[in-house]
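Structure file start_13.tsv; described as TSV, C-alpha atoms.
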```
chain	number	residue	atom	x	y	z
A	280	MET	CA	-4.91	1.70	-32.09
A	281	SER	CA	-1.74	3.30	-30.71
A	282	SER	CA	0.16	1.94	-27.73
A	283	PRO	CA	0.07	3.96	-24.51
A	284	GLU	CA	2.74	6.58	-24.04
A	285	PRO	CA	5.72	5.27	-22.05
A	286	ASP	CA	5.93	6.40	-18.44
A	287	PRO	CA	8.73	9.00	-18.15
A	288	LEU	CA	9.61	7.80	-14.64
A	289	VAL	CA	10.56	4.30	-15.80
A	290	GLY	CA	14.37	4.06	-15.94
A	291	THR	CA	14.96	7.01	-13.62
A	292	VAL	CA	16.24	6.98	-10.03
A	293	VAL	CA	13.96	8.50	-7.37
A	294	ASP	CA	15.64	10.33	-4.49
A	295	GLY	CA	18.98	8.77	-5.47
A	296	ARG	CA	17.81	5.48	-3.97
A	297	TYR	CA	15.15	3.76	-6.09
A	298	ARG	CA	15.57	2.81	-9.76
A	299	VAL	CA	12.10	2.64	-11.33
A	300	LEU	CA	11.74	-0.56	-13.36
A	301	GLU	CA	8.09	-0.63	-14.45
A	302	ARG	CA	4.66	0.83	-13.80
A	303	LEU	CA	2.38	-1.63	-11.99
A	304	SER	CA	-0.88	0.24	-11.36
A	305	GLU	CA	-2.49	3.62	-10.92
A	306	GLY	CA	-5.16	4.89	-8.57
A	307	GLY	CA	-6.78	8.17	-7.66
A	308	MET	CA	-3.99	9.19	-5.28
A	309	GLY	CA	-0.91	7.91	-7.08
A	310	VAL	CA	1.00	5.40	-9.17
A	311	VAL	CA	2.68	2.20	-8.00
A	312	TYR	CA	5.93	1.09	-9.61
A	313	ARG	CA	8.22	-1.90	-9.32
A	314	ALA	CA	11.57	-0.43	-8.35
A	315	GLN	CA	14.96	-1.55	-7.11
A	316	GLN	CA	16.73	-0.12	-4.09
A	317	VAL	CA	19.97	0.99	-5.71
A	318	PHE	CA	22.33	0.16	-2.83
A	319	LEU	CA	20.72	-3.04	-1.52
A	320	LYS	CA	19.59	-4.36	-4.95
A	321	ARG	CA	16.23	-5.26	-3.37
A	322	GLU	CA	13.01	-4.92	-5.36
A	323	VAL	CA	10.26	-2.86	-3.77
A	324	ALA	CA	6.89	-1.38	-4.63
A	325	LEU	CA	7.25	2.39	-4.92
A	326	LYS	CA	3.99	4.30	-4.49
A	327	ARG	CA	4.17	7.93	-5.61
A	328	LEU	CA	1.57	10.58	-4.93
A	329	HIS	CA	0.36	12.16	-8.17
A	330	ARG	CA	2.53	15.22	-8.76
A	331	GLU	CA	-0.51	17.49	-9.10
A	332	LEU	CA	-1.62	16.52	-5.56
A	333	THR	CA	1.63	17.56	-3.84
A	334	GLY	CA	0.23	21.04	-3.20
A	335	HIS	CA	-3.06	19.65	-1.88
A	336	GLY	CA	-2.71	19.58	1.91
A	337	GLU	CA	-5.34	16.90	2.58
A	338	ALA	CA	-3.92	14.54	-0.06
A	339	VAL	CA	-0.38	14.95	1.32
A	340	ALA	CA	-1.63	14.40	4.88
A	341	ARG	CA	-3.47	11.25	3.80
A	342	PHE	CA	-0.37	9.94	1.99
A	343	GLU	CA	1.85	10.66	5.01
A	344	ARG	CA	-0.70	9.05	7.31
A	345	GLU	CA	-0.67	5.89	5.18
A	346	ALA	CA	3.11	5.62	5.48
A	347	GLN	CA	3.16	6.35	9.22
A	348	ALA	CA	0.25	4.07	10.11
A	349	ALA	CA	1.47	1.10	8.08
A	350	ALA	CA	5.06	1.55	9.31
A	351	GLN	CA	3.86	1.20	12.93
A	352	ILE	CA	2.23	-2.15	12.25
A	353	ASP	CA	4.84	-4.90	12.32
A	354	HIS	CA	2.67	-7.88	11.42
A	355	PRO	CA	3.09	-10.65	8.83
A	356	ASN	CA	-0.36	-9.89	7.37
A	357	VAL	CA	0.23	-6.18	6.75
A	358	CYS	CA	2.23	-4.94	3.76
A	359	GLN	CA	5.51	-3.70	5.23
A	360	VAL	CA	6.48	-0.05	4.69
A	361	LEU	CA	10.24	0.25	4.24
A	362	ASP	CA	10.82	3.95	3.59
A	363	CYS	CA	9.19	7.19	2.51
A	364	GLY	CA	10.34	10.56	1.30
A	365	VAL	CA	10.09	13.27	-1.31
A	366	GLY	CA	11.65	12.94	-4.76
A	367	GLU	CA	13.62	15.65	-6.55
A	368	ASP	CA	10.45	16.71	-8.35
A	369	GLY	CA	8.60	17.25	-5.04
A	370	ALA	CA	6.43	14.12	-5.34
A	371	PHE	CA	5.97	12.13	-2.14
A	372	PHE	CA	6.71	8.40	-2.23
A	373	ILE	CA	6.37	5.31	-0.06
A	374	ALA	CA	8.61	2.28	-0.57
A	375	MET	CA	7.03	-0.98	0.57
A	376	GLU	CA	7.52	-4.69	0.20
A	377	LEU	CA	6.82	-5.90	-3.31
A	378	LEU	CA	4.06	-8.50	-3.23
A	379	SER	CA	3.65	-11.12	-5.95
A	380	GLY	CA	0.18	-12.55	-5.91
A	381	LYS	CA	-3.37	-11.45	-6.58
A	382	SER	CA	-5.90	-9.31	-4.79
A	383	LEU	CA	-8.68	-10.97	-2.82
A	384	ASP	CA	-11.28	-9.41	-5.12
A	385	ARG	CA	-9.61	-11.03	-8.12
A	386	ARG	CA	-9.50	-14.40	-6.33
A	387	ILE	CA	-13.20	-14.10	-5.54
A	388	ALA	CA	-14.02	-13.16	-9.15
A	389	GLU	CA	-12.08	-16.15	-10.46
A	390	ALA	CA	-13.28	-18.82	-8.03
A	391	ALA	CA	-16.43	-17.78	-6.16
A	392	PRO	CA	-17.69	-19.31	-4.05
A	393	LEU	CA	-14.37	-19.91	-2.28
A	394	PRO	CA	-13.95	-23.10	-0.25
A	395	LEU	CA	-14.95	-22.63	3.39
A	396	ALA	CA	-11.46	-23.60	4.65
A	397	GLU	CA	-9.91	-20.86	2.48
A	398	ILE	CA	-12.43	-18.27	3.68
A	399	VAL	CA	-11.70	-19.15	7.31
A	400	ASP	CA	-7.92	-19.06	6.76
A	401	ILE	CA	-7.97	-15.67	4.98
A	402	GLY	CA	-10.51	-14.27	7.45
A	403	TYR	CA	-8.41	-15.34	10.43
A	404	GLN	CA	-5.28	-13.70	8.98
A	405	ILE	CA	-7.12	-10.44	8.28
A	406	CYS	CA	-8.68	-10.40	11.75
A	407	ASP	CA	-5.32	-11.11	13.40
A	408	ALA	CA	-3.72	-8.19	11.51
A	409	LEU	CA	-6.61	-5.86	12.35
A	410	ASP	CA	-6.49	-6.88	16.01
A	411	HIS	CA	-2.78	-5.97	16.05
A	412	ALA	CA	-3.47	-2.62	14.32
A	413	HIS	CA	-6.34	-1.82	16.68
A	414	ALA	CA	-4.12	-2.55	19.70
A	415	LEU	CA	-1.84	0.21	18.31
A	416	GLY	CA	-4.82	2.58	17.96
A	417	ILE	CA	-4.99	2.30	14.15
A	418	VAL	CA	-8.29	1.63	12.34
A	419	HIS	CA	-8.06	0.91	8.58
A	420	ARG	CA	-11.47	2.35	7.52
A	421	ASP	CA	-11.28	1.11	3.92
A	422	LEU	CA	-10.91	-2.63	4.26
A	423	LYS	CA	-12.22	-4.31	1.12
A	424	PRO	CA	-11.12	-7.24	-1.06
A	425	GLU	CA	-9.17	-4.87	-3.35
A	426	ASN	CA	-6.97	-3.88	-0.38
A	427	VAL	CA	-6.00	-7.44	0.53
A	428	MET	CA	-3.26	-9.20	-1.45
A	429	LEU	CA	-2.93	-12.98	-1.43
A	430	VAL	CA	0.69	-14.12	-1.74
A	431	PRO	CA	2.43	-17.48	-1.35
A	432	ARG	CA	3.18	-18.11	2.31
A	433	ARG	CA	6.90	-18.04	3.13
A	434	GLY	CA	8.20	-21.56	3.51
A	435	GLY	CA	5.35	-22.87	1.36
A	436	GLY	CA	2.04	-24.21	2.51
A	437	GLY	CA	-0.82	-22.02	1.40
A	438	ILE	CA	-1.38	-18.31	1.04
A	439	ALA	CA	-0.75	-15.29	3.22
A	440	ALA	CA	-3.20	-12.40	3.23
A	441	LYS	CA	-1.57	-8.94	3.30
A	442	ILE	CA	-3.61	-5.84	4.14
A	443	MET	CA	-2.63	-2.76	2.14
A	444	ASP	CA	-3.60	0.89	1.73
A	445	PHE	CA	-3.88	2.56	5.12
A	446	GLY	CA	-4.48	5.91	3.36
A	447	ILE	CA	-7.62	6.77	5.30
A	448	ALA	CA	-6.67	5.01	8.51
A	449	LYS	CA	-7.72	6.63	11.74
A	450	VAL	CA	-4.84	6.92	14.19
A	451	ALA	CA	-6.07	7.37	17.76
A	452	GLN	CA	-3.30	9.78	18.79
A	453	GLU	CA	-2.45	11.77	15.67
A	454	ALA	CA	0.57	14.05	16.11
A	455	GLY	CA	-0.29	17.44	17.54
A	456	GLY	CA	-3.90	16.42	18.04
A	457	SER	CA	-4.69	17.57	14.50
A	458	LYS	CA	-7.87	16.28	12.96
A	459	LEU	CA	-7.53	14.96	9.44
A	460	THR	CA	-11.19	14.06	9.23
A	461	GLN	CA	-14.35	16.11	9.42
A	462	ALA	CA	-17.56	15.28	11.24
A	463	GLY	CA	-20.16	13.75	8.96
A	464	MET	CA	-17.70	12.69	6.24
A	465	VAL	CA	-18.02	9.23	4.74
A	466	PHE	CA	-14.77	7.31	4.16
A	467	GLY	CA	-13.85	4.32	2.07
A	468	THR	CA	-15.90	2.60	-0.53
```
Kindly present the structure from the file in structure tokens form.
Amino acid sequence: MSSPEPDPLVGTVVDGRYRVLERLSEGGMGVVYRAQQVFLKREVALKRLHRELTGHGEAVARFEREAQAAAQIDHPNVCQVLDCGVGEDGAFFIAMELLSGKSLDRRIAEAAPLPLAEIVDIGYQICDALDHAHALGIVHRDLKPENVMLVPRRGGGGIAAKIMDFGIAKVAQEAGGSKLTQAGMVFGT
């Protein structure tokens, strides 16, 4: 059995600002890397839209919407978006806080049923973040355990839930009144 081919992006610098250190995961829309902000020496998660989707208007709009929606939500239980842009190769990227932990779906798979106190704590954090997002006119539309990361709480003392992936979020007042959804379409999983 041969080892997988190395990722050609690892070791390169995206947009002159982000040195790609390693590939973390891949999804239908893009690839997530651990990267370092060259100037600040801060590690970030760098999500890049698959290169073949850069010419696909709906995919680009969804990717941009994820960056814009998440960037508006300044809440401790939402993964913070730090930057976004287009690399030299034309691929769109989002730089966000790098989270070290595990997804809620993995936690459930490892320890179900979870203790009631943990369920209440995680549920409260998620609801608080969604309440904040809804007050800004942003609805996630794909909230599921895979889109919630559990990380050590700053200062110790338990875990913090972080909502991620606002790619199909509905923003009440989208710029220019453009509709990025169609009537009768089903979103999420």
In terms of the shortest atom-to-atom distance over only C-alpha atoms, which of A:Leu303, A:Leu325, A:Leu383, A:Leu429 is closest to Gly366 of chain A?
->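 The closest residue to Gly366 of chain A is A:Leu325.
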re atom CA of Pro355 of chain A and atom CA of Ala412 of chain A: distance 11.7 Å
For Ser382 of chain A, which residue out of A:Glu305, A:Glu331, A:Glu425, A:Asp444 is the nearest one, using all atoms listed in the file?
-> A:Glu425
Of the listed residues A:Leu332, A:Val399, A:Leu361, A:Ile405, that which approaches Leu377 of chain A most closely, counting all atoms listed in the file | A:Leu361
Polymer residues at most 10 Å from Ile442 of chain A, only C-alpha atoms, same-chain spacing of 5 or more positions, as a list of chain:residue names |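 Near Ile442 of chain A, the qualifying residues are A:Ala349, A:His354, A:Pro355, A:Asn356, A:Val357, A:Cys358, A:Gln359, A:Ser382, A:Gln404, A:Ile405, A:Ala408, A:Leu409, A:His419, A:Leu422, A:Lys423, A:Pro424, A:Glu425, A:Asn426, A:Val427, A:Met428, A:Leu429.
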Find the residues near segment 283-297 of chain A: any atom within 12 Å, counting all atoms listed in the file, skip ones fewer than 6 places away on the same chain, and give them as an NGL selection string.
-> :A and (303-305 or 310-327 or 330 or 361-375)
One-decimal distance in Å that lies between atom CA of His411 of chain A and atom CA of Arg341 of chain A |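 Result for atom CA of Arg341 of chain A versus atom CA of His411 of chain A: 21.1 Å, one decimal.
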Taking into account only C-alpha atoms, which residue in the set A:Val430, A:Ile398, A:Ile438, A:Ala346 is nearest to Lys381 of chain A?
->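 Comparing A:Val430, A:Ile398, A:Ile438, A:Ala346 against Lys381 of chain A, the winner is A:Val430.
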Neighbour list for Ala338 of chain A as a PyMOL selection string, cut-off 10 Å, only C-alpha atoms, skip fewer than 4 positions in-chain = chain A and resi 308+328-329+332-334+342-344+446
Atom CA of Gly436 of chain A and atom CA of Ile401 of chain A, how far apart in Å?
-> 13.4 Å
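Among A:Val360, A:Ile352, A:Ala439, A:Leu395, the residue with the shortest atom-to-atom distance to His413 of chain A, counting all atoms listed in the file, is A:Ile352.
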